[in-house]
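Pasting start_13.cif here (mmCIF, C-alpha atoms and all ligand atoms):
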```cif
data_input
#
loop_
_atom_site.label_atom_id
_atom_site.label_comp_id
_atom_site.auth_asym_id
_atom_site.auth_seq_id
_atom_site.Cartn_x
_atom_site.Cartn_y
_atom_site.Cartn_z
CA MET A 16 63.88 -7.22 102.57
CA THR A 17 62.84 -6.71 98.99
CA ARG A 18 59.84 -8.64 97.68
CA LEU A 19 60.41 -10.68 94.53
CA VAL A 20 58.20 -12.21 91.83
CA ASP A 21 60.44 -14.43 89.73
CA VAL A 22 59.67 -16.02 86.35
CA ARG A 23 58.17 -19.18 87.82
CA ASN A 24 55.88 -17.30 90.17
CA MET A 25 54.88 -14.73 87.54
CA SER A 26 53.96 -17.57 85.14
CA ARG A 27 52.05 -19.34 87.93
CA TRP A 28 50.20 -16.17 88.97
CA ILE A 29 49.16 -15.36 85.39
CA ALA A 30 48.12 -18.96 84.66
CA ASP A 31 46.19 -19.33 87.93
CA HIS A 32 44.27 -16.07 87.47
CA GLY A 33 43.99 -16.22 83.68
CA PRO A 34 45.88 -13.78 81.44
CA GLN A 35 42.66 -12.08 80.34
CA ARG A 36 41.69 -11.34 83.95
CA CYS A 37 45.19 -10.07 84.72
CA ILE A 38 45.00 -7.77 81.68
CA THR A 39 41.61 -6.46 82.84
CA GLY A 40 42.97 -5.55 86.24
CA MET A 41 46.04 -4.00 84.69
CA ILE A 42 43.92 -1.81 82.40
CA ASP A 43 42.31 -0.29 85.51
CA TYR A 44 45.74 0.53 87.00
CA LEU A 45 46.96 1.95 83.67
CA ASP A 46 43.82 4.02 83.31
CA ALA A 47 44.26 5.42 86.82
CA ASP A 48 47.92 6.30 86.22
CA PHE A 49 47.28 7.84 82.77
CA ARG A 50 44.66 10.05 84.42
CA ARG A 51 47.28 11.40 86.88
CA TRP A 52 49.92 11.69 84.12
CA GLU A 53 50.98 15.18 85.16
CA GLN A 54 52.10 13.95 88.62
CA PHE A 55 54.84 11.73 87.20
CA ASP A 56 58.49 12.45 86.41
CA LYS A 57 58.83 11.77 82.69
CA THR A 58 61.83 11.37 80.44
CA PRO A 59 62.46 9.50 77.19
CA ARG A 60 64.02 6.14 78.02
CA VAL A 61 67.79 5.80 78.09
CA ALA A 62 68.86 3.59 75.21
CA SER A 63 72.16 1.88 74.40
CA HIS A 64 72.21 0.77 70.76
CA THR A 65 74.52 -1.84 69.24
CA PRO A 66 74.37 -3.64 65.88
CA PHE A 67 72.67 -6.53 67.75
CA GLY A 68 69.82 -4.54 69.30
CA VAL A 69 69.09 -2.14 72.11
CA ILE A 70 69.19 -2.18 75.92
CA GLU A 71 67.04 0.43 77.63
CA LEU A 72 66.28 1.81 81.09
CA MET A 73 62.81 3.25 81.66
CA PRO A 74 62.48 5.31 84.87
CA THR A 75 59.58 7.26 86.38
CA SER A 76 58.32 8.38 89.79
CA ASP A 77 55.11 9.69 91.29
CA HIS A 78 57.12 11.12 94.21
CA GLU A 79 55.90 8.36 96.54
CA THR A 80 57.23 5.42 94.55
CA TYR A 81 60.05 5.27 92.02
CA GLY A 82 60.10 2.61 89.31
CA PHE A 83 62.23 1.51 86.43
CA LYS A 84 62.36 -1.29 83.89
CA TYR A 85 65.40 -2.80 82.24
CA VAL A 86 64.44 -4.07 78.78
CA ASN A 87 66.21 -5.26 75.66
CA GLY A 88 65.10 -5.48 72.03
CA HIS A 89 67.07 -7.87 69.84
CA PRO A 90 65.08 -8.82 66.72
CA SER A 91 67.59 -11.48 65.63
CA ASN A 92 67.43 -13.25 68.99
CA PRO A 93 64.77 -15.88 68.12
CA GLN A 94 67.03 -17.35 65.38
CA ARG A 95 69.63 -17.86 68.12
CA GLY A 96 67.17 -19.35 70.58
CA PHE A 97 66.66 -16.19 72.67
CA GLN A 98 63.63 -13.93 73.19
CA THR A 99 63.48 -10.64 71.23
CA VAL A 100 62.38 -8.79 74.37
CA THR A 101 63.28 -9.60 77.99
CA ALA A 102 62.86 -7.38 81.02
CA PHE A 103 62.82 -6.98 84.78
CA GLY A 104 61.63 -4.07 86.88
CA VAL A 105 61.88 -2.48 90.31
CA LEU A 106 59.75 -0.31 92.56
CA ALA A 107 61.45 1.71 95.29
CA ASP A 108 60.33 3.81 98.24
CA VAL A 109 61.31 7.44 97.61
CA HIS A 110 61.50 8.14 101.36
CA ASN A 111 64.66 6.10 101.86
CA GLY A 112 65.43 5.01 98.30
CA TYR A 113 65.30 1.30 99.15
CA PRO A 114 63.98 -1.05 96.47
CA THR A 115 60.80 -2.64 97.81
CA PHE A 116 59.66 -4.83 94.91
CA LEU A 117 61.51 -6.63 92.11
CA ALA A 118 59.81 -8.59 89.35
CA GLU A 119 60.49 -10.41 86.13
CA MET A 120 58.96 -8.30 83.37
CA THR A 121 59.25 -10.32 80.16
CA LEU A 122 55.80 -11.81 80.70
CA LEU A 123 54.68 -8.66 82.48
CA THR A 124 55.71 -6.47 79.53
CA ALA A 125 53.56 -8.59 77.21
CA LEU A 126 50.61 -8.12 79.59
CA ARG A 127 51.17 -4.38 80.01
CA THR A 128 51.69 -3.77 76.29
CA ALA A 129 48.48 -5.62 75.53
CA ALA A 130 46.64 -3.77 78.29
CA THR A 131 47.92 -0.40 77.00
CA SER A 132 46.92 -1.27 73.42
CA ALA A 133 43.46 -2.20 74.64
CA LEU A 134 43.13 0.95 76.74
CA ALA A 135 43.98 3.00 73.65
CA ALA A 136 41.67 1.01 71.39
CA ARG A 137 38.79 1.32 73.87
CA ALA A 138 39.15 5.11 73.56
CA LEU A 139 39.92 5.30 69.84
CA ALA A 140 38.58 2.33 67.84
CA ARG A 141 35.04 2.14 66.52
CA PRO A 142 33.00 0.45 69.27
CA ASP A 143 31.39 -1.84 66.67
CA SER A 144 34.80 -3.30 65.69
CA GLN A 145 34.61 -7.06 65.17
CA VAL A 146 37.69 -8.24 63.28
CA MET A 147 41.35 -7.61 64.05
CA ALA A 148 44.24 -8.17 61.66
CA MET A 149 47.47 -9.15 63.39
CA ILE A 150 50.69 -8.64 61.46
CA GLY A 151 53.43 -10.42 63.40
CA THR A 152 52.48 -13.36 65.59
CA GLY A 153 55.47 -13.63 67.93
CA SER A 154 55.67 -13.36 71.71
CA GLN A 155 53.33 -10.39 72.16
CA ALA A 156 50.55 -11.65 69.89
CA GLU A 157 48.43 -13.89 72.13
CA PHE A 158 48.40 -11.26 74.88
CA GLN A 159 47.27 -8.61 72.39
CA ALA A 160 44.45 -10.87 71.19
CA LEU A 161 43.21 -11.53 74.73
CA ALA A 162 43.28 -7.82 75.59
CA PHE A 163 41.20 -6.90 72.53
CA ARG A 164 38.68 -9.64 73.24
CA GLN A 165 38.39 -8.40 76.81
CA THR A 166 37.82 -4.75 75.90
CA LEU A 167 36.10 -4.86 72.50
CA GLY A 168 34.79 -8.41 72.28
CA ILE A 169 36.94 -9.24 69.26
CA ASP A 170 37.37 -12.97 68.73
CA THR A 171 38.01 -13.09 64.97
CA LEU A 172 41.62 -12.61 63.97
CA ARG A 173 43.12 -12.41 60.48
CA VAL A 174 46.80 -13.14 61.00
CA TYR A 175 49.98 -12.87 58.97
CA ASP A 176 53.63 -13.50 59.78
CA VAL A 177 56.60 -14.11 57.47
CA ASP A 178 57.22 -17.21 59.61
CA PRO A 179 54.44 -19.79 59.05
CA ASP A 180 55.48 -21.59 62.25
CA ALA A 181 54.65 -18.43 64.23
CA ILE A 182 51.15 -18.39 62.70
CA ALA A 183 50.70 -22.09 63.55
CA LYS A 184 51.85 -21.38 67.11
CA LEU A 185 49.28 -18.58 67.49
CA ALA A 186 46.49 -20.80 66.17
CA ARG A 187 47.58 -23.61 68.50
CA ASN A 188 47.49 -21.27 71.53
CA LEU A 189 44.35 -19.28 70.74
CA THR A 190 41.95 -21.68 68.99
CA PRO A 191 41.34 -23.67 72.22
CA LEU A 192 40.49 -20.35 73.92
CA GLY A 193 37.63 -19.77 71.49
CA PHE A 194 39.24 -17.51 68.90
CA SER A 195 38.51 -17.85 65.20
CA ILE A 196 41.89 -17.59 63.42
CA GLU A 197 42.12 -17.00 59.69
CA ALA A 198 45.65 -17.27 58.25
CA ALA A 199 46.25 -14.60 55.60
CA SER A 200 48.66 -14.76 52.68
CA SER A 201 50.10 -11.27 53.23
CA ALA A 202 49.75 -8.25 55.48
CA ALA A 203 47.45 -6.66 52.89
CA ASP A 204 45.31 -9.79 52.83
CA ALA A 205 45.08 -9.79 56.64
CA ALA A 206 44.11 -6.11 56.73
CA ARG A 207 41.35 -6.46 54.12
CA GLY A 208 37.99 -6.03 55.86
CA ALA A 209 39.49 -5.69 59.34
CA ASP A 210 38.31 -3.03 61.79
CA ILE A 211 41.55 -2.94 63.75
CA ILE A 212 45.08 -3.69 62.56
CA THR A 213 47.78 -4.57 65.07
CA THR A 214 51.32 -4.45 63.71
CA CYS A 215 53.64 -6.34 66.01
CA THR A 216 56.70 -7.31 63.98
CA ALA A 217 60.34 -7.23 65.01
CA ASP A 218 62.96 -6.12 62.52
CA LYS A 219 65.70 -3.57 63.17
CA GLN A 220 65.06 -1.60 60.03
CA LEU A 221 62.70 0.91 58.45
CA ALA A 222 60.27 -1.72 57.19
CA THR A 223 56.99 -1.19 55.38
CA VAL A 224 54.90 -3.93 56.86
CA LEU A 225 51.66 -2.06 56.18
CA HIS A 226 51.10 -0.01 53.03
CA ASP A 227 48.87 3.02 52.65
CA ALA A 228 46.42 1.10 50.45
CA ASP A 229 45.94 -1.53 53.21
CA VAL A 230 44.35 1.01 55.57
CA ALA A 231 40.72 1.96 54.93
CA ALA A 232 38.56 4.70 56.43
CA GLY A 233 37.32 3.89 59.92
CA MET A 234 40.15 1.56 60.88
CA HIS A 235 42.13 1.76 64.09
CA VAL A 236 45.83 0.91 63.73
CA ASN A 237 47.58 -0.37 66.84
CA ALA A 238 51.23 -0.03 65.80
CA ILE A 239 53.43 -1.50 68.51
CA GLY A 240 56.45 -2.99 66.68
CA GLY A 241 58.11 0.27 65.57
CA ASP A 242 59.70 1.32 68.84
CA CYS A 243 63.30 2.27 68.14
CA PRO A 244 65.24 4.77 66.00
CA GLY A 245 65.55 3.18 62.56
CA LYS A 246 62.82 0.59 63.30
CA THR A 247 59.35 1.34 61.93
CA GLU A 248 56.57 -0.67 60.33
CA LEU A 249 54.22 1.71 58.51
CA ASP A 250 54.18 3.41 55.15
CA PRO A 251 54.59 7.08 56.24
CA ALA A 252 51.66 7.99 53.94
CA ILE A 253 49.34 6.30 56.47
CA LEU A 254 50.29 8.92 59.04
CA ASP A 255 49.16 11.74 56.76
CA ARG A 256 45.64 10.27 56.65
CA ALA A 257 45.41 9.24 60.28
CA ARG A 258 44.82 11.00 63.58
CA VAL A 259 47.93 9.97 65.52
CA PHE A 260 47.94 9.23 69.26
CA VAL A 261 51.06 8.63 71.34
CA GLU A 262 52.14 7.89 74.89
CA TYR A 263 54.87 10.47 75.67
CA THR A 264 55.57 12.74 72.70
CA PRO A 265 59.32 13.40 73.29
CA GLN A 266 60.06 9.66 73.38
CA THR A 267 57.78 8.79 70.47
CA ARG A 268 59.39 11.45 68.26
CA ILE A 269 62.67 9.55 68.78
CA GLU A 270 61.36 5.99 68.55
CA GLY A 271 57.90 5.79 67.02
CA GLU A 272 56.45 5.82 63.52
CA ILE A 273 56.56 9.65 63.72
CA GLN A 274 60.38 9.59 63.81
CA HIS A 275 60.11 10.18 60.02
CA GLN A 276 58.02 13.31 60.52
CA SER A 277 58.94 16.89 61.37
CA ASP A 278 59.00 17.96 65.02
CA ASP A 279 55.70 19.80 64.63
CA PHE A 280 53.81 16.80 63.17
CA PRO A 281 50.51 16.89 65.13
CA VAL A 282 49.98 14.16 67.71
CA THR A 283 47.73 13.77 70.73
CA GLU A 284 48.84 12.08 73.95
CA LEU A 285 46.52 9.30 75.08
CA TRP A 286 46.17 10.62 78.64
CA GLU A 287 44.65 13.82 77.27
CA VAL A 288 41.95 11.81 75.48
CA LEU A 289 41.24 9.73 78.59
CA LEU A 290 40.77 12.90 80.63
CA GLY A 291 38.50 14.39 77.95
CA ARG A 292 40.88 17.29 77.33
CA LYS A 293 41.46 16.37 73.67
CA GLU A 294 39.31 14.64 71.10
CA GLY A 295 39.89 11.01 70.22
CA ARG A 296 37.95 9.58 67.27
CA THR A 297 35.67 12.27 65.86
CA SER A 298 33.77 10.19 63.30
CA PRO A 299 33.31 6.55 62.21
CA ALA A 300 35.37 7.39 59.11
CA ASP A 301 38.47 8.59 61.02
CA ILE A 302 41.59 6.49 60.79
CA THR A 303 43.01 6.43 64.32
CA LEU A 304 46.61 5.35 64.84
CA PHE A 305 48.13 4.47 68.20
CA ASP A 306 51.87 4.91 67.61
CA SER A 307 52.94 2.89 70.64
CA VAL A 308 56.54 2.56 71.78
CA GLY A 309 55.93 1.64 75.42
CA PHE A 310 56.47 4.20 78.18
CA ALA A 311 57.82 3.98 81.73
CA ILE A 312 54.51 4.87 83.41
CA GLU A 313 52.96 1.71 81.88
CA ASP A 314 55.64 -0.42 83.53
CA PHE A 315 55.12 1.45 86.78
CA SER A 316 51.38 0.65 86.61
CA ALA A 317 52.08 -3.01 85.77
CA LEU A 318 54.53 -3.38 88.66
CA ARG A 319 52.12 -1.64 91.03
CA TYR A 320 49.31 -3.96 89.95
CA VAL A 321 51.31 -7.16 90.44
CA ARG A 322 52.76 -5.92 93.74
CA ASP A 323 49.26 -5.30 95.09
CA GLN A 324 47.83 -8.56 93.73
CA VAL A 325 50.53 -10.87 95.10
CA ALA A 326 51.01 -9.13 98.48
CA GLY A 327 50.98 -11.74 101.25
CA THR A 328 50.65 -14.71 98.87
CA ASP A 329 53.14 -17.41 97.96
CA TYR A 330 53.56 -15.87 94.49
CA GLU A 331 56.12 -13.56 96.11
CA SER A 332 59.25 -14.27 98.09
CA GLU A 333 61.88 -12.11 99.76
CA ILE A 334 65.42 -11.45 98.64
CA ASP A 335 68.27 -9.95 100.58
CA LEU A 336 69.12 -7.24 98.04
CA VAL A 337 70.01 -4.23 100.17
CA ALA A 338 73.00 -4.21 102.48
CA ALA A 339 71.53 -2.76 105.69
CA PRO A 340 73.96 -2.96 108.63
CA GLU A 341 72.56 -2.39 112.09
CA ASP A 342 74.82 0.69 112.41
CA PRO A 343 74.11 2.53 109.15
CA LYS A 344 77.67 3.90 109.17
CA ASP A 345 79.33 0.51 109.68
CA LEU A 346 79.02 -1.05 106.25
CA PHE A 347 82.51 -2.54 106.65
CA GLY A 348 81.35 -4.34 109.79
CA MET A 349 79.16 -6.60 107.64
CA LEU A 350 82.33 -8.31 106.41
CA GLY A 351 83.19 -9.34 109.97
CA ALA A 352 81.14 -12.51 109.78
CA PHE A 353 83.40 -13.70 106.94
CA SER A 354 86.86 -12.86 108.38
CA PRO A 355 88.02 -10.34 105.73
CA VAL A 356 91.60 -10.89 104.54
CA GLY A 357 92.31 -7.13 104.31
P1 LIG B 401 58.94 -11.62 68.31
O1 LIG B 401 60.30 -11.63 67.70
O2 LIG B 401 58.58 -12.68 69.26
O3 LIG B 401 57.82 -11.61 67.15
C1 LIG B 401 57.91 -10.79 66.03
C2 LIG B 401 57.28 -11.52 64.84
O4 LIG B 401 57.29 -10.63 63.71
C3 LIG B 401 58.05 -12.77 64.42
O5 LIG B 401 57.19 -13.89 64.45
C4 LIG B 401 58.53 -12.45 62.99
O6 LIG B 401 58.56 -13.58 62.15
C5 LIG B 401 57.47 -11.43 62.54
N1 LIG B 401 57.89 -10.57 61.44
C6 LIG B 401 59.07 -9.92 61.25
N2 LIG B 401 59.03 -9.19 60.13
C7 LIG B 401 57.78 -9.36 59.59
C8 LIG B 401 57.13 -8.83 58.45
N3 LIG B 401 57.74 -7.99 57.61
N4 LIG B 401 55.84 -9.21 58.22
C9 LIG B 401 55.19 -10.06 59.05
N5 LIG B 401 55.79 -10.59 60.16
C10 LIG B 401 57.06 -10.24 60.42
O7 LIG B 401 58.80 -10.17 68.98
P2 LIG B 401 57.70 -9.70 70.03
O8 LIG B 401 58.21 -9.86 71.43
O9 LIG B 401 56.37 -10.25 69.67
O10 LIG B 401 57.74 -8.12 69.75
C11 LIG B 401 57.27 -7.63 68.51
C12 LIG B 401 57.66 -6.18 68.38
O11 LIG B 401 56.96 -5.39 69.34
C13 LIG B 401 59.15 -5.91 68.62
O12 LIG B 401 59.60 -5.00 67.65
C14 LIG B 401 59.19 -5.28 69.99
O13 LIG B 401 60.29 -4.42 70.14
C15 LIG B 401 57.87 -4.55 70.00
N6 LIG B 401 57.33 -4.28 71.32
C16 LIG B 401 56.73 -3.08 71.51
C17 LIG B 401 56.17 -2.80 72.74
C18 LIG B 401 55.47 -1.49 72.95
O14 LIG B 401 55.16 -1.14 74.08
N7 LIG B 401 55.15 -0.75 71.91
C19 LIG B 401 56.24 -3.73 73.78
C20 LIG B 401 56.82 -4.96 73.54
C21 LIG B 401 57.37 -5.23 72.30
#
```

Could you rewrite the structure in this file as structure tokens?
Ligand code: NAD
Amino acid sequence: MTRLVDVRNMSRWIADHGPQRCITGMIDYLDADFRRWEQFDKTPRVASHTPFGVIELMPTSDHETYGFKYVNGHPSNPQRGFQTVTAFGVLADVHNGYPTFLAEMTLLTALRTAATSALAARALARPDSQVMAMIGTGSQAEFQALAFRQTLGIDTLRVYDVDPDAIAKLARNLTPLGFSIEAASSAADAARGADIITTCTADKQLATVLHDADVAAGMHVNAIGGDCPGKTELDPAILDRARVFVEYTPQTRIEGEIQHQSDDFPVTELWEVLLGRKEGRTSPADITLFDSVGFAIEDFSALRYVRDQVAGTDYESEIDLVAAPEDPKDLFGMLGAFSPVG
């Protein structure tokens, strides 16, 4: 039987344990998997683009366990009452290829993206950072805020979204949790005086959400919304001034902010910084930029974390997903119970 965490149980598990605590645990799993980066199979995700958005498959394996995530990105979905991003994921046993664990990953992606952003910021941002600007306050935003409070103690947010209702929603969700939320009149206004800028907008176009003049020396930019060919958020001039860090270079060159740059544009992979093989921030004046697109190993870590946390609890159930006849050669015999018509 395959173990399942469905939407209701994922919501219940996160609520019962607290999203900030779940993110903390997930950061440890991510950190461990980034540090054994070289053991994993890696490939840029497989994307199917349409005028509406993109559907992607994100596979990886550490040769004990195989994992993949199915995820979509449809920026016009909220106007039609749907989520921009939805996902589910699977872990499988490489010894027989059977799927062992299946989980909703819309909520889990928000947790893992926030945890990855925080892992990067812990390595790259100035440790004395106090204020974060958030450009784009949709589905990912609250999770991002909680992750940055957990890792860097940031509880003051300067927020901007083209949709005032999205700002009001963020304030409604985060103020009771002890955050100080200042609504800004523009992205530039939000960025002014911030130590960290998170860009988390959804628009299937080459947008300039953040201009060069908005980014001052010493800032860390956590750019997570530009994650598809033809979908970026930053003024390319920012990249010329910043030290740029990525997850998996071949995928980020296709999907990230660096898609505008030549193939030899210098980037550093985050795992190399975590292992101490490459430098992260070298001075308080550096501009560090995490050009995040989301990579399969992060989903693998997130699935592994939830699988371990819910094992043996009522947050998981079993589903009959794999046809497994008693005689492994008699698949047809399984129809016998239902009197096949031929
Ligand atoms: P969402 O649609 O729920 O929220 C996006 C918000 O951006 C909306 O509130 C929208 O009004 C706002 N927005 C759009 N254009 C803007 C602009 N020019 N200025 C200010 N605000 C603007 O989407 P979401 O689920 O929060 O995801 C946000 C983005 O992050 C998407 O592009 C998604 O693909 C991406 N994402 C990246 C990762 C990653 O790992 N890097 C993971 C998940 C999502």

Mind listing the residues within 7 Å of ligand LIG 401 (chain B), only C-alpha atoms and all ligand atoms counted, as JSON, numbers by chain?
{"A": [88, 90, 93, 98, 99, 100, 124, 125, 128, 150, 151, 152, 153, 154, 155, 156, 175, 176, 177, 178, 181, 202, 215, 216, 217, 218, 222, 224, 239, 240, 241, 242, 307, 308, 309, 310]}

Would you work out the distance separating atom CA of A:Asp21 from atom CA of A:Lys184, expressed in Å to one decimal?
25.2 Å

Kindly indicate which residue among A:Val321, A:Ala205, A:Leu189, A:Leu304 lies nearest to A:Val20, using all atoms listed in the file for the distances.
A:Val321

For A:Gly271, the nearest of the candidates A:Gly348, A:Pro66, A:Gly96, A:Pro59, counting all atoms listed in the file
A:Pro59

Taking all atoms listed in the file into account, which of A:Arg258, A:Arg95, A:His275, A:Arg292 comes nearest A:Phe305?
A:Arg258

Which residues are near stretch 46-51 of chain A? Cut-off 10 Å, only C-alpha atoms, ignore same chain within fewer than 6 positions. Put them as an NGL selection string.
:A and (77 or 130-131 or 134-135 or 262 or 284-291 or 312-313 or 315-316)

Excluding A:Gly193 and any residue of its chain fewer than 5 positions from it, enumerate the residues within 12 Å of it, using all atoms listed in the file, and give them as JSON, numbers by chain.
{"A": [160, 161, 164, 168, 169, 170, 171, 172, 186, 187, 188]}

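Straight-line separation from atom CA of A:Thr75 to atom CA of A:Asp56: 5.3 Å.
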
Quick check, in Å to one decimal: how far apart do atom CA of A:Gly40 and atom CA of A:Thr303 lie?
25.0 Å

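For the set A:Asp227, A:Asp314, A:Asp335, A:Asp278, the residue with the smallest atom-to-atom gap to A:Val105 is A:Asp314, counting only C-alpha atoms.
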
Min atom-atom distance to A:Leu221 from the set A:Arg18, A:Arg322, A:Arg296, A:Lys246, counting all atoms listed in the file, belongs to A:Lys246

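Minimum atom-to-atom distances from A:Ala183, A:Leu117, A:Phe158, A:Val146 to A:Ala206 were compared using all atoms listed in the file, and the lowest value belongs to A:Val146.
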
Box in all listed atoms of stretch 263-267 of chain A, axis-aligned, with 3 Å more on each side; write out centre and edge lengths in Å to one decimal as AutoDock Vina command-line options.
```
--center_x 57.5 --center_y 11.1 --center_z 73.1 --size_x 11.2 --size_y 10.6 --size_z 11.2
```

Write out as a ChimeraX atom specification each polymer residue whose atoms come within 6 Å of A:Met147, counting all atoms listed in the file; drop sequence neighbours fewer than 4 positions from it.
/A:172,209-212

Completion step: stretch 225-243 of chain A with N, CA and C atoms as a compact mmCIF listing (two decimals), in the frame of the given file:
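Printed below is rebuild30.txt as written:
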```
# COMPACT_ATOMS: atom_id res chain seq x y z
N LEU A 225 53.02 -2.44 56.56
CA LEU A 225 51.66 -2.06 56.18
C LEU A 225 51.73 -0.89 55.20
N HIS A 226 51.09 -1.06 54.05
CA HIS A 226 51.10 -0.01 53.03
C HIS A 226 49.87 0.87 53.17
N ASP A 227 49.96 2.05 52.57
CA ASP A 227 48.87 3.02 52.65
C ASP A 227 47.55 2.40 52.15
N ALA A 228 47.63 1.66 51.06
CA ALA A 228 46.42 1.10 50.45
C ALA A 228 45.76 0.04 51.34
N ASP A 229 46.50 -0.48 52.34
CA ASP A 229 45.94 -1.53 53.21
C ASP A 229 45.02 -0.95 54.29
N VAL A 230 45.07 0.38 54.45
CA VAL A 230 44.35 1.01 55.57
C VAL A 230 43.14 1.78 55.04
N ALA A 231 41.96 1.34 55.43
CA ALA A 231 40.72 1.96 54.93
C ALA A 231 40.14 2.90 55.98
N ALA A 232 39.24 3.76 55.52
CA ALA A 232 38.56 4.70 56.43
C ALA A 232 37.90 3.92 57.57
N GLY A 233 37.99 4.49 58.77
CA GLY A 233 37.32 3.89 59.92
C GLY A 233 38.17 2.92 60.71
N MET A 234 39.32 2.55 60.17
CA MET A 234 40.15 1.56 60.88
C MET A 234 40.89 2.19 62.05
N HIS A 235 41.22 1.37 63.02
CA HIS A 235 42.13 1.76 64.09
C HIS A 235 43.41 0.93 63.91
N VAL A 236 44.55 1.61 63.87
CA VAL A 236 45.83 0.91 63.73
C VAL A 236 46.56 0.96 65.07
N ASN A 237 46.87 -0.22 65.57
CA ASN A 237 47.58 -0.37 66.84
C ASN A 237 49.01 -0.78 66.49
N ALA A 238 49.87 0.23 66.32
CA ALA A 238 51.23 -0.03 65.80
C ALA A 238 52.20 -0.13 66.96
N ILE A 239 52.59 -1.36 67.31
CA ILE A 239 53.43 -1.50 68.51
C ILE A 239 54.86 -1.96 68.20
N GLY A 240 55.12 -2.42 66.98
CA GLY A 240 56.45 -2.99 66.68
C GLY A 240 57.51 -1.96 66.36
N GLY A 241 57.12 -0.78 65.87
CA GLY A 241 58.11 0.27 65.57
C GLY A 241 58.38 1.05 66.83
N ASP A 242 59.49 0.74 67.51
CA ASP A 242 59.70 1.32 68.84
C ASP A 242 61.16 1.68 69.09
N CYS A 243 61.86 2.00 68.02
CA CYS A 243 63.30 2.27 68.14
C CYS A 243 63.73 3.17 66.98
```
